[in-house]
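Enquirer: Sending over structure_10.cif (mmCIF, C-alpha atoms).
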```
data_upload
loop_
_atom_site.group_PDB
_atom_site.id
_atom_site.type_symbol
_atom_site.label_atom_id
_atom_site.label_comp_id
_atom_site.auth_asym_id
_atom_site.auth_seq_id
_atom_site.Cartn_x
_atom_site.Cartn_y
_atom_site.Cartn_z
ATOM 1 C CA MET Y 1 0.000 0.000 0.000
ATOM 2 C CA LYS Y 2 1.173 3.541 -0.786
ATOM 3 C CA ILE Y 3 0.453 6.030 1.997
ATOM 4 C CA GLY Y 4 1.137 9.751 1.730
ATOM 5 C CA PHE Y 5 1.498 12.168 4.647
ATOM 6 C CA LEU Y 6 1.042 15.933 4.504
ATOM 7 C CA GLY Y 7 1.991 17.874 7.609
ATOM 8 C CA GLY Y 8 1.296 21.470 8.527
ATOM 9 C CA SER Y 9 -0.126 23.820 11.114
ATOM 10 C CA PHE Y 10 -3.479 24.014 9.295
ATOM 11 C CA ASP Y 11 -4.298 27.224 11.155
ATOM 12 C CA PRO Y 12 -6.572 27.520 9.243
ATOM 13 C CA VAL Y 13 -6.684 24.730 6.668
ATOM 14 C CA HIS Y 14 -7.049 26.200 3.164
ATOM 15 C CA PHE Y 15 -7.421 25.138 -0.450
ATOM 16 C CA GLY Y 16 -3.642 25.295 -0.971
ATOM 17 C CA HIS Y 17 -3.228 22.436 1.533
ATOM 18 C CA LEU Y 18 -6.073 20.417 0.059
ATOM 19 C CA MET Y 19 -5.039 20.919 -3.567
ATOM 20 C CA ALA Y 20 -1.505 19.775 -2.679
ATOM 21 C CA ALA Y 21 -2.919 16.678 -0.997
ATOM 22 C CA GLN Y 22 -5.132 15.885 -3.973
ATOM 23 C CA ASP Y 23 -2.365 16.436 -6.535
ATOM 24 C CA ALA Y 24 0.013 14.097 -4.680
ATOM 25 C CA TYR Y 25 -2.739 11.522 -4.163
ATOM 26 C CA GLU Y 26 -3.697 11.458 -7.829
ATOM 27 C CA GLN Y 27 -0.323 11.803 -9.548
ATOM 28 C CA HIS Y 28 1.407 9.204 -7.396
ATOM 29 C CA ARG Y 29 -1.601 6.875 -7.190
ATOM 30 C CA LEU Y 30 -1.572 6.793 -3.416
ATOM 31 C CA ASP Y 31 -3.940 4.423 -1.648
ATOM 32 C CA ARG Y 32 -4.320 6.660 1.390
ATOM 33 C CA LEU Y 33 -3.464 10.248 2.246
ATOM 34 C CA VAL Y 34 -3.058 11.309 5.866
ATOM 35 C CA LEU Y 35 -3.126 14.943 6.976
ATOM 36 C CA VAL Y 36 -0.885 15.436 10.012
ATOM 37 C CA PRO Y 37 -1.454 18.683 11.933
ATOM 38 C CA ALA Y 38 1.652 19.751 13.853
ATOM 39 C CA ALA Y 39 1.577 20.673 17.514
ATOM 40 C CA GLN Y 40 4.318 23.230 16.849
ATOM 41 C CA ALA Y 41 6.362 23.452 13.655
ATOM 42 C CA PRO Y 42 10.120 23.609 14.370
ATOM 43 C CA LEU Y 43 10.814 26.387 11.867
ATOM 44 C CA LYS Y 44 7.691 28.435 12.636
ATOM 45 C CA PRO Y 45 7.431 28.652 16.432
ATOM 46 C CA ASN Y 46 4.781 31.399 16.374
ATOM 47 C CA ASP Y 47 2.713 30.019 13.513
ATOM 48 C CA VAL Y 48 -0.030 28.408 15.603
ATOM 49 C CA GLN Y 49 -2.693 30.661 17.114
ATOM 50 C CA SER Y 50 -5.666 28.317 17.469
ATOM 51 C CA THR Y 51 -6.086 25.552 19.994
ATOM 52 C CA ILE Y 52 -5.453 21.929 19.081
ATOM 53 C CA ALA Y 53 -9.192 21.241 19.325
ATOM 54 C CA ASP Y 54 -10.026 24.122 16.956
ATOM 55 C CA ARG Y 55 -7.439 23.170 14.327
ATOM 56 C CA LEU Y 56 -8.545 19.550 14.404
ATOM 57 C CA ALA Y 57 -12.213 20.570 14.132
ATOM 58 C CA MET Y 58 -11.515 22.845 11.140
ATOM 59 C CA LEU Y 59 -9.584 20.086 9.399
ATOM 60 C CA ARG Y 60 -12.333 17.554 10.063
ATOM 61 C CA ALA Y 61 -14.984 19.977 8.802
ATOM 62 C CA ALA Y 62 -12.963 20.536 5.622
ATOM 63 C CA VAL Y 63 -12.398 16.895 4.651
ATOM 64 C CA GLU Y 64 -14.882 14.694 6.517
ATOM 65 C CA TRP Y 65 -16.856 14.077 3.317
ATOM 66 C CA ASP Y 66 -13.765 13.013 1.301
ATOM 67 C CA ARG Y 67 -12.936 9.334 1.761
ATOM 68 C CA ARG Y 68 -9.504 9.751 0.184
ATOM 69 C CA PHE Y 69 -8.226 11.764 3.133
ATOM 70 C CA GLU Y 70 -7.645 10.837 6.761
ATOM 71 C CA ILE Y 71 -6.414 12.865 9.716
ATOM 72 C CA SER Y 72 -3.836 11.761 12.268
ATOM 73 C CA ASP Y 73 -3.724 13.594 15.591
ATOM 74 C CA PHE Y 74 -0.434 11.879 16.549
ATOM 75 C CA GLU Y 75 1.629 15.100 16.661
ATOM 76 C CA LEU Y 76 -1.121 16.984 18.486
ATOM 77 C CA ARG Y 77 -1.413 14.304 21.182
ATOM 78 C CA ARG Y 78 2.360 14.110 21.514
ATOM 79 C CA GLY Y 79 2.677 17.884 21.937
ATOM 80 C CA GLY Y 80 5.822 19.991 21.831
ATOM 81 C CA VAL Y 81 7.799 20.687 18.678
ATOM 82 C CA SER Y 82 6.725 18.391 15.844
ATOM 83 C CA TYR Y 83 9.705 16.927 14.034
ATOM 84 C CA THR Y 84 9.057 14.845 10.921
ATOM 85 C CA ILE Y 85 11.451 12.148 12.112
ATOM 86 C CA ASP Y 86 9.293 11.437 15.182
ATOM 87 C CA SER Y 87 6.177 11.080 13.048
ATOM 88 C CA ALA Y 88 8.003 8.988 10.455
ATOM 89 C CA ARG Y 89 9.159 6.572 13.176
ATOM 90 C CA HIS Y 90 5.591 6.362 14.496
ATOM 91 C CA PHE Y 91 4.037 5.716 11.080
ATOM 92 C CA ARG Y 92 6.777 3.284 10.045
ATOM 93 C CA ALA Y 93 6.025 1.236 13.194
ATOM 94 C CA LEU Y 94 2.293 1.330 12.357
ATOM 95 C CA TYR Y 95 2.792 0.441 8.695
ATOM 96 C CA PRO Y 96 5.995 -1.634 8.526
ATOM 97 C CA LYS Y 97 5.333 -3.147 5.091
ATOM 98 C CA ASP Y 98 3.843 -0.140 3.290
ATOM 99 C CA ASP Y 99 5.502 2.504 1.117
ATOM 100 C CA LEU Y 100 5.423 5.819 2.993
ATOM 101 C CA TYR Y 101 5.691 9.193 1.246
ATOM 102 C CA TRP Y 102 6.193 12.534 3.000
ATOM 103 C CA ILE Y 103 4.770 15.401 0.927
ATOM 104 C CA ILE Y 104 6.652 18.706 0.956
ATOM 105 C CA GLY Y 105 6.777 21.898 -1.078
ATOM 106 C CA GLY Y 106 9.555 22.227 -3.628
ATOM 107 C CA ASP Y 107 10.807 25.217 -1.624
ATOM 108 C CA GLN Y 108 11.776 22.769 1.151
ATOM 109 C CA LEU Y 109 14.244 20.827 -1.019
ATOM 110 C CA PRO Y 110 17.255 23.136 -0.512
ATOM 111 C CA LYS Y 111 16.677 22.970 3.284
ATOM 112 C CA LEU Y 112 16.031 19.237 3.527
ATOM 113 C CA HIS Y 113 19.588 18.448 4.621
ATOM 114 C CA LEU Y 114 18.925 20.560 7.751
ATOM 115 C CA TRP Y 115 15.961 18.461 8.906
ATOM 116 C CA LYS Y 116 16.424 16.617 12.180
ATOM 117 C CA ASP Y 117 17.958 13.122 11.803
ATOM 118 C CA ILE Y 118 17.714 13.325 8.005
ATOM 119 C CA PRO Y 119 19.946 10.252 7.385
ATOM 120 C CA GLU Y 120 17.445 8.109 9.315
ATOM 121 C CA LEU Y 121 14.420 9.934 7.894
ATOM 122 C CA VAL Y 122 15.321 9.109 4.279
ATOM 123 C CA GLN Y 123 15.442 5.423 5.238
ATOM 124 C CA LEU Y 124 11.913 5.590 6.679
ATOM 125 C CA VAL Y 125 10.063 7.580 3.993
ATOM 126 C CA GLU Y 126 10.284 8.691 0.406
ATOM 127 C CA PHE Y 127 9.578 12.320 -0.448
ATOM 128 C CA ILE Y 128 7.060 13.761 -2.884
ATOM 129 C CA PHE Y 129 7.848 17.389 -3.608
ATOM 130 C CA LEU Y 130 5.288 19.738 -5.117
ATOM 131 C CA GLU Y 131 6.366 22.016 -7.908
ATOM 132 C CA ARG Y 132 4.660 24.193 -10.468
ATOM 133 C CA PRO Y 133 4.319 22.511 -13.895
ATOM 134 C CA ALA Y 134 7.356 23.148 -16.135
ATOM 135 C CA PHE Y 135 9.097 24.911 -13.244
ATOM 136 C CA PRO Y 136 12.735 23.833 -12.918
ATOM 137 C CA VAL Y 137 13.638 21.778 -9.854
ATOM 138 C CA ARG Y 138 15.409 23.779 -7.186
ATOM 139 C CA ALA Y 139 18.772 22.536 -5.986
ATOM 140 C CA SER Y 140 18.329 18.978 -4.795
ATOM 141 C CA PRO Y 141 20.301 18.195 -1.645
ATOM 142 C CA GLU Y 142 22.999 15.518 -1.669
ATOM 143 C CA ILE Y 143 21.597 13.181 0.974
ATOM 144 C CA PRO Y 144 22.610 9.519 0.662
ATOM 145 C CA GLY Y 145 19.547 7.310 0.255
ATOM 146 C CA LEU Y 146 17.176 10.204 -0.514
ATOM 147 C CA ARG Y 147 14.259 9.087 -2.713
ATOM 148 C CA LEU Y 148 12.549 12.047 -4.382
ATOM 149 C CA HIS Y 149 9.439 12.120 -6.547
ATOM 150 C CA ARG Y 150 8.241 15.257 -8.312
ATOM 151 C CA CYS Y 151 4.578 16.226 -8.292
ATOM 152 C CA ASP Y 152 3.455 18.924 -10.723
ATOM 153 C CA GLY Y 153 0.924 20.666 -8.561
ATOM 154 C CA HIS Y 154 -1.667 23.396 -8.712
ATOM 155 C CA LEU Y 155 0.241 25.423 -6.158
ATOM 156 C CA LEU Y 156 -1.881 28.209 -4.745
ATOM 157 C CA ALA Y 157 -0.257 31.273 -3.194
ATOM 158 C CA ILE Y 158 -2.274 31.182 0.013
ATOM 159 C CA SER Y 159 -0.827 31.489 3.490
ATOM 160 C CA SER Y 160 -2.544 30.803 6.773
ATOM 161 C CA THR Y 161 -0.944 33.971 8.158
ATOM 162 C CA GLU Y 162 -2.631 36.000 5.413
ATOM 163 C CA LEU Y 163 -5.966 34.306 6.111
ATOM 164 C CA ARG Y 164 -5.783 35.070 9.836
ATOM 165 C CA GLU Y 165 -5.060 38.695 8.947
ATOM 166 C CA ARG Y 166 -8.018 38.788 6.526
ATOM 167 C CA THR Y 167 -10.262 37.589 9.345
ATOM 168 C CA ARG Y 168 -8.915 40.262 11.706
ATOM 169 C CA ARG Y 169 -9.691 42.886 9.058
ATOM 170 C CA GLY Y 170 -13.209 41.548 8.496
ATOM 171 C CA LEU Y 171 -12.474 40.319 4.958
ATOM 172 C CA SER Y 172 -13.998 37.185 3.471
ATOM 173 C CA LEU Y 173 -12.312 33.775 3.528
ATOM 174 C CA ASP Y 174 -14.495 32.580 0.650
ATOM 175 C CA TYR Y 175 -12.531 30.925 -2.182
ATOM 176 C CA PHE Y 176 -9.575 30.440 0.184
ATOM 177 C CA VAL Y 177 -10.974 28.110 2.868
ATOM 178 C CA PRO Y 178 -13.556 25.281 2.631
ATOM 179 C CA HIS Y 179 -17.024 26.532 3.554
ATOM 180 C CA LYS Y 180 -17.511 24.275 6.587
ATOM 181 C CA ALA Y 181 -14.200 25.467 8.030
ATOM 182 C CA ILE Y 182 -15.290 29.091 7.472
ATOM 183 C CA VAL Y 183 -18.522 28.400 9.338
ATOM 184 C CA TYR Y 184 -16.500 26.951 12.228
ATOM 185 C CA ILE Y 185 -14.146 29.963 12.286
ATOM 186 C CA LYS Y 186 -17.122 32.354 12.433
ATOM 187 C CA GLU Y 187 -18.968 30.361 15.094
ATOM 188 C CA LYS Y 188 -15.887 30.239 17.329
ATOM 189 C CA GLY Y 189 -14.766 33.791 16.589
ATOM 190 C CA LEU Y 190 -11.273 32.591 15.670
ATOM 191 C CA TYR Y 191 -8.517 35.024 14.657
ATOM 192 C CA ARG Y 192 -10.444 38.107 15.793
ATOM 193 C CA GLN Y 193 -8.632 40.775 17.755
ATOM 194 C CA PRO Y 194 -9.321 40.413 21.485
ATOM 195 C CA THR Y 195 -11.798 43.061 22.635
#
```
Please rewrite the model in this file as structure tokens.

Expert:
Amino acid sequence: MKIGFLGGSFDPVHFGHLMAAQDAYEQHRLDRLVLVPAAQAPLKPNDVQSTIADRLAMLRAAVEWDRRFEISDFELRRGGVSYTIDSARHFRALYPKDDLYWIIGGDQLPKLHLWKDIPELVQLVEFIFLERPAFPVRASPEIPGLRLHRCDGHLLAISSTELRERTRRGLSLDYFVPHKAIVYIKEKGLYRQPT
């Protein structure tokens, strides 16, 4: 079985995340795709503003209807800084005989050699990197054992930081965020300035 994993803060989840997941799923004929919300991303310590419960609820609202996608709360339950190596060890133990693929943006390739325990990580998972069609591959790191697969994606220039700011300014999240997640954000009053 081929299982893909897409990590992120998902604060909030947006169509850029979901399009990336779908592109990787379809182009690489994955059998399952697991979204893995991070407790705290190592390179973005201030990127999470919502609670674990809220981020998980938004993600569930966004994809609950889509049988292709699953959600793992492993990193959220574990807490602390979420390193890919810890998740890869966890998923490798759960799925010892399956092919595991970690999905990243092409912009991560030049930094991949800096990831924690990268020599072990490349033994545990293969990498699918998302790139714009016909866009040249950025410098690929020289990491022994690294298995890379390109995915020509519909990369959308959307950032969760921008979406939180739009909410603070009273602007619409329509066409950026799945409707059910927008409803949740409004009901909970997420990303508003404290009054």

Enquirer: Applied to this file, what does the PyMOL selection byres ((chain Y and resi 180-190) around 10) return in terms of residues, put as a PDB file with C-alpha atoms, in the frame of the given file?

Expert:
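Writing the result to expr-v9.pdb gives the following:
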```
ATOM      1  CA  ASP Y  11      -4.298  27.224  11.155  1.00  0.00           C
ATOM      2  CA  PRO Y  12      -6.572  27.520   9.243  1.00  0.00           C
ATOM      3  CA  VAL Y  13      -6.684  24.730   6.668  1.00  0.00           C
ATOM      4  CA  HIS Y  14      -7.049  26.200   3.164  1.00  0.00           C
ATOM      5  CA  GLN Y  49      -2.693  30.661  17.114  1.00  0.00           C
ATOM      6  CA  SER Y  50      -5.666  28.317  17.469  1.00  0.00           C
ATOM      7  CA  THR Y  51      -6.086  25.552  19.994  1.00  0.00           C
ATOM      8  CA  ASP Y  54     -10.026  24.122  16.956  1.00  0.00           C
ATOM      9  CA  ARG Y  55      -7.439  23.170  14.327  1.00  0.00           C
ATOM     10  CA  ALA Y  57     -12.213  20.570  14.132  1.00  0.00           C
ATOM     11  CA  MET Y  58     -11.515  22.845  11.140  1.00  0.00           C
ATOM     12  CA  LEU Y  59      -9.584  20.086   9.399  1.00  0.00           C
ATOM     13  CA  ARG Y  60     -12.333  17.554  10.063  1.00  0.00           C
ATOM     14  CA  ALA Y  61     -14.984  19.977   8.802  1.00  0.00           C
ATOM     15  CA  ALA Y  62     -12.963  20.536   5.622  1.00  0.00           C
ATOM     16  CA  VAL Y  63     -12.398  16.895   4.651  1.00  0.00           C
ATOM     17  CA  GLU Y  64     -14.882  14.694   6.517  1.00  0.00           C
ATOM     18  CA  ARG Y 164      -5.783  35.070   9.836  1.00  0.00           C
ATOM     19  CA  THR Y 167     -10.262  37.589   9.345  1.00  0.00           C
ATOM     20  CA  ARG Y 168      -8.915  40.262  11.706  1.00  0.00           C
ATOM     21  CA  SER Y 172     -13.998  37.185   3.471  1.00  0.00           C
ATOM     22  CA  LEU Y 173     -12.312  33.775   3.528  1.00  0.00           C
ATOM     23  CA  ASP Y 174     -14.495  32.580   0.650  1.00  0.00           C
ATOM     24  CA  PHE Y 176      -9.575  30.440   0.184  1.00  0.00           C
ATOM     25  CA  VAL Y 177     -10.974  28.110   2.868  1.00  0.00           C
ATOM     26  CA  PRO Y 178     -13.556  25.281   2.631  1.00  0.00           C
ATOM     27  CA  HIS Y 179     -17.024  26.532   3.554  1.00  0.00           C
ATOM     28  CA  TYR Y 191      -8.517  35.024  14.657  1.00  0.00           C
ATOM     29  CA  ARG Y 192     -10.444  38.107  15.793  1.00  0.00           C
ATOM     30  CA  GLN Y 193      -8.632  40.775  17.755  1.00  0.00           C
ATOM     31  CA  PRO Y 194      -9.321  40.413  21.485  1.00  0.00           C
TER      32      PRO Y 194
END
```

Enquirer: I need the output of the PyMOL selection byres ((chain Y and resi 140) around 12) for this file as an NGL selection string; which residues are they?

Expert: :Y and (106-113 or 127 or 129 or 136-139 or 141-144 or 146-150)

Enquirer: Store the residues picked out above, limited to C-alpha atoms, as an mmCIF file, in the frame of the given file.

Expert:
```
data_model
loop_
_atom_site.group_PDB
_atom_site.id
_atom_site.type_symbol
_atom_site.label_atom_id
_atom_site.label_comp_id
_atom_site.auth_asym_id
_atom_site.auth_seq_id
_atom_site.Cartn_x
_atom_site.Cartn_y
_atom_site.Cartn_z
ATOM 1 C CA GLY Y 106 9.555 22.227 -3.628
ATOM 2 C CA ASP Y 107 10.807 25.217 -1.624
ATOM 3 C CA GLN Y 108 11.776 22.769 1.151
ATOM 4 C CA LEU Y 109 14.244 20.827 -1.019
ATOM 5 C CA PRO Y 110 17.255 23.136 -0.512
ATOM 6 C CA LYS Y 111 16.677 22.970 3.284
ATOM 7 C CA LEU Y 112 16.031 19.237 3.527
ATOM 8 C CA HIS Y 113 19.588 18.448 4.621
ATOM 9 C CA PHE Y 127 9.578 12.320 -0.448
ATOM 10 C CA PHE Y 129 7.848 17.389 -3.608
ATOM 11 C CA PRO Y 136 12.735 23.833 -12.918
ATOM 12 C CA VAL Y 137 13.638 21.778 -9.854
ATOM 13 C CA ARG Y 138 15.409 23.779 -7.186
ATOM 14 C CA ALA Y 139 18.772 22.536 -5.986
ATOM 15 C CA PRO Y 141 20.301 18.195 -1.645
ATOM 16 C CA GLU Y 142 22.999 15.518 -1.669
ATOM 17 C CA ILE Y 143 21.597 13.181 0.974
ATOM 18 C CA PRO Y 144 22.610 9.519 0.662
ATOM 19 C CA LEU Y 146 17.176 10.204 -0.514
ATOM 20 C CA ARG Y 147 14.259 9.087 -2.713
ATOM 21 C CA LEU Y 148 12.549 12.047 -4.382
ATOM 22 C CA HIS Y 149 9.439 12.120 -6.547
ATOM 23 C CA ARG Y 150 8.241 15.257 -8.312
#
```

Enquirer: Quick one: pull the distance between CA of Gly79 in chain Y and CA of Gln40 in chain Y, Å, one decimal.

Expert: 7.6 Å

Enquirer: One decimal, in Å: what's the spacing between CA of Glu75 in chain Y and CA of Lys97 in chain Y?

Expert: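 Those two atoms sit 21.9 Å apart.
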
Enquirer: Excluding same-chain residues fewer than 4 positions from Tyr25 in chain Y, what lies within 10 Å of it counting all atoms listed in the file, as an MDAnalysis selection string?

Expert: chainID Y and resid 2:5 19:21 29:33 68:69 103 151

Enquirer: So which one's closest to Leu156 in chain Y, Y:Phe74, Y:Tyr175, Y:Trp65, Y:Tyr83? Using only C-alpha atoms, please.

Expert: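 The shortest atom-to-atom distance to Leu156 in chain Y comes from Y:Tyr175.
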
Enquirer: Between CA of Asp23 in chain Y and CA of Ala134 in chain Y, what is the distance, to one decimal in Å?

Expert: 15.2 Å

Enquirer: Kindly resolve the PyMOL selection byres ((chain Y and resi 124) around 10) on the present coordinates and return the residues as an mmCIF file with C-alpha atoms, keeping the file's coordinate frame.

Expert:
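out-v1.cif, written as the output of this step:
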```cif
data_model
loop_
_atom_site.group_PDB
_atom_site.id
_atom_site.type_symbol
_atom_site.label_atom_id
_atom_site.label_comp_id
_atom_site.auth_asym_id
_atom_site.auth_seq_id
_atom_site.Cartn_x
_atom_site.Cartn_y
_atom_site.Cartn_z
ATOM 1 C CA ILE Y 85 11.451 12.148 12.112
ATOM 2 C CA ALA Y 88 8.003 8.988 10.455
ATOM 3 C CA ARG Y 89 9.159 6.572 13.176
ATOM 4 C CA PHE Y 91 4.037 5.716 11.080
ATOM 5 C CA ARG Y 92 6.777 3.284 10.045
ATOM 6 C CA ALA Y 93 6.025 1.236 13.194
ATOM 7 C CA PRO Y 96 5.995 -1.634 8.526
ATOM 8 C CA ASP Y 99 5.502 2.504 1.117
ATOM 9 C CA LEU Y 100 5.423 5.819 2.993
ATOM 10 C CA TYR Y 101 5.691 9.193 1.246
ATOM 11 C CA TRP Y 102 6.193 12.534 3.000
ATOM 12 C CA ILE Y 118 17.714 13.325 8.005
ATOM 13 C CA PRO Y 119 19.946 10.252 7.385
ATOM 14 C CA GLU Y 120 17.445 8.109 9.315
ATOM 15 C CA LEU Y 121 14.420 9.934 7.894
ATOM 16 C CA VAL Y 122 15.321 9.109 4.279
ATOM 17 C CA GLN Y 123 15.442 5.423 5.238
ATOM 18 C CA VAL Y 125 10.063 7.580 3.993
ATOM 19 C CA GLU Y 126 10.284 8.691 0.406
#
```

Enquirer: Report, as AutoDock Vina command-line options, the centre and edge lengths in Å (one decimal) of the axis-aligned box enclosing every listed atom of range 29-44 of chain Y, padded by 5 Å on each side.

Expert:
```
--center_x 3.2 --center_y 16.4 --center_z 5.2 --size_x 25.1 --size_y 34.0 --size_z 34.7
```

Enquirer: As an NGL selection string, please: the residues near His154 in chain Y (cut-off 12 Å, only C-alpha atoms, same-chain neighbours under 4 positions excluded).

Expert: :Y and (15-24 or 27 or 105 or 130-135 or 158)

Enquirer: Using all atoms listed in the file, which of the listed residues (Y:Leu171, Y:Asp152, Y:Asp86, Y:Leu94) sits closest to Asp117 in chain Y?

Expert: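 Under the stated criterion, the closest residue is Y:Asp86.
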
Enquirer: Compute the distance from (-7.9, 14.7, 15.1) to each atom, counting all atoms listed in the file, keep the residues with any atom at most 8 Å away, and return them as a list in words; use the coordinates of the file.

Expert: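 Residues found, by chain and rising number: Ala53, Leu56, Ala57, Arg60, Ile71, Ser72, Asp73 and Leu76 of chain Y.
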
Enquirer: Counting all atoms listed in the file, which of Y:Ser9, Y:Ile104, Y:Glu26, Y:Tyr95 gets nearest to Ser159 in chain Y?

Expert: Y:Ser9

Enquirer: Add whatever atoms are absent from range 102-124 of chain Y to reach N, CA and C atoms, and provide the output as a PDB file, in the coordinates of the input.

Expert:
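Output contents, as saved in result-v8.pdb:
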```
ATOM      1  N   TRP Y 102       6.398  11.270   2.309  1.00  0.00           N
ATOM      2  CA  TRP Y 102       6.193  12.534   3.000  1.00  0.00           C
ATOM      3  C   TRP Y 102       6.105  13.623   1.936  1.00  0.00           C
ATOM      4  N   ILE Y 103       5.031  14.396   1.959  1.00  0.00           N
ATOM      5  CA  ILE Y 103       4.770  15.401   0.927  1.00  0.00           C
ATOM      6  C   ILE Y 103       5.264  16.760   1.411  1.00  0.00           C
ATOM      7  N   ILE Y 104       6.090  17.398   0.598  1.00  0.00           N
ATOM      8  CA  ILE Y 104       6.652  18.706   0.956  1.00  0.00           C
ATOM      9  C   ILE Y 104       6.545  19.643  -0.246  1.00  0.00           C
ATOM     10  N   GLY Y 105       6.700  20.921   0.005  1.00  0.00           N
ATOM     11  CA  GLY Y 105       6.777  21.898  -1.078  1.00  0.00           C
ATOM     12  C   GLY Y 105       8.168  21.881  -1.679  1.00  0.00           C
ATOM     13  N   GLY Y 106       8.249  22.179  -2.969  1.00  0.00           N
ATOM     14  CA  GLY Y 106       9.555  22.227  -3.628  1.00  0.00           C
ATOM     15  C   GLY Y 106      10.508  23.208  -2.973  1.00  0.00           C
ATOM     16  N   ASP Y 107       9.962  24.230  -2.310  1.00  0.00           N
ATOM     17  CA  ASP Y 107      10.807  25.217  -1.624  1.00  0.00           C
ATOM     18  C   ASP Y 107      11.551  24.612  -0.437  1.00  0.00           C
ATOM     19  N   GLN Y 108      11.111  23.430   0.025  1.00  0.00           N
ATOM     20  CA  GLN Y 108      11.776  22.769   1.151  1.00  0.00           C
ATOM     21  C   GLN Y 108      13.016  21.980   0.724  1.00  0.00           C
ATOM     22  N   LEU Y 109      13.133  21.666  -0.558  1.00  0.00           N
ATOM     23  CA  LEU Y 109      14.244  20.827  -1.019  1.00  0.00           C
ATOM     24  C   LEU Y 109      15.619  21.361  -0.621  1.00  0.00           C
ATOM     25  N   PRO Y 110      15.914  22.651  -0.866  1.00  0.00           N
ATOM     26  CA  PRO Y 110      17.255  23.136  -0.512  1.00  0.00           C
ATOM     27  C   PRO Y 110      17.547  23.092   0.997  1.00  0.00           C
ATOM     28  N   LYS Y 111      16.494  22.988   1.832  1.00  0.00           N
ATOM     29  CA  LYS Y 111      16.677  22.970   3.284  1.00  0.00           C
ATOM     30  C   LYS Y 111      16.594  21.565   3.865  1.00  0.00           C
ATOM     31  N   LEU Y 112      16.315  20.581   3.027  1.00  0.00           N
ATOM     32  CA  LEU Y 112      16.031  19.237   3.527  1.00  0.00           C
ATOM     33  C   LEU Y 112      17.196  18.651   4.316  1.00  0.00           C
ATOM     34  N   HIS Y 113      18.417  18.985   3.918  1.00  0.00           N
ATOM     35  CA  HIS Y 113      19.588  18.448   4.621  1.00  0.00           C
ATOM     36  C   HIS Y 113      19.677  18.945   6.066  1.00  0.00           C
ATOM     37  N   LEU Y 114      18.923  20.006   6.398  1.00  0.00           N
ATOM     38  CA  LEU Y 114      18.925  20.560   7.751  1.00  0.00           C
ATOM     39  C   LEU Y 114      17.894  19.904   8.661  1.00  0.00           C
ATOM     40  N   TRP Y 115      17.008  19.076   8.105  1.00  0.00           N
ATOM     41  CA  TRP Y 115      15.961  18.461   8.906  1.00  0.00           C
ATOM     42  C   TRP Y 115      16.571  17.523   9.940  1.00  0.00           C
ATOM     43  N   LYS Y 116      15.934  17.433  11.077  1.00  0.00           N
ATOM     44  CA  LYS Y 116      16.424  16.617  12.180  1.00  0.00           C
ATOM     45  C   LYS Y 116      16.538  15.139  11.763  1.00  0.00           C
ATOM     46  N   ASP Y 117      17.695  14.546  12.065  1.00  0.00           N
ATOM     47  CA  ASP Y 117      17.958  13.122  11.803  1.00  0.00           C
ATOM     48  C   ASP Y 117      17.647  12.718  10.365  1.00  0.00           C
ATOM     49  N   ILE Y 118      18.045  13.577   9.412  1.00  0.00           N
ATOM     50  CA  ILE Y 118      17.714  13.325   8.005  1.00  0.00           C
ATOM     51  C   ILE Y 118      18.287  12.006   7.476  1.00  0.00           C
ATOM     52  N   PRO Y 119      19.473  11.550   7.902  1.00  0.00           N
ATOM     53  CA  PRO Y 119      19.946  10.252   7.385  1.00  0.00           C
ATOM     54  C   PRO Y 119      18.995   9.101   7.734  1.00  0.00           C
ATOM     55  N   GLU Y 120      18.416   9.137   8.938  1.00  0.00           N
ATOM     56  CA  GLU Y 120      17.445   8.109   9.315  1.00  0.00           C
ATOM     57  C   GLU Y 120      16.110   8.348   8.608  1.00  0.00           C
ATOM     58  N   LEU Y 121      15.712   9.602   8.493  1.00  0.00           N
ATOM     59  CA  LEU Y 121      14.420   9.934   7.894  1.00  0.00           C
ATOM     60  C   LEU Y 121      14.306   9.408   6.466  1.00  0.00           C
ATOM     61  N   VAL Y 122      15.390   9.558   5.676  1.00  0.00           N
ATOM     62  CA  VAL Y 122      15.321   9.109   4.279  1.00  0.00           C
ATOM     63  C   VAL Y 122      15.262   7.590   4.165  1.00  0.00           C
ATOM     64  N   GLN Y 123      15.597   6.881   5.235  1.00  0.00           N
ATOM     65  CA  GLN Y 123      15.442   5.423   5.238  1.00  0.00           C
ATOM     66  C   GLN Y 123      13.993   5.022   5.539  1.00  0.00           C
ATOM     67  N   LEU Y 124      13.275   5.897   6.248  1.00  0.00           N
ATOM     68  CA  LEU Y 124      11.913   5.590   6.679  1.00  0.00           C
ATOM     69  C   LEU Y 124      10.849   5.966   5.658  1.00  0.00           C
TER      70      LEU Y 124
END
```
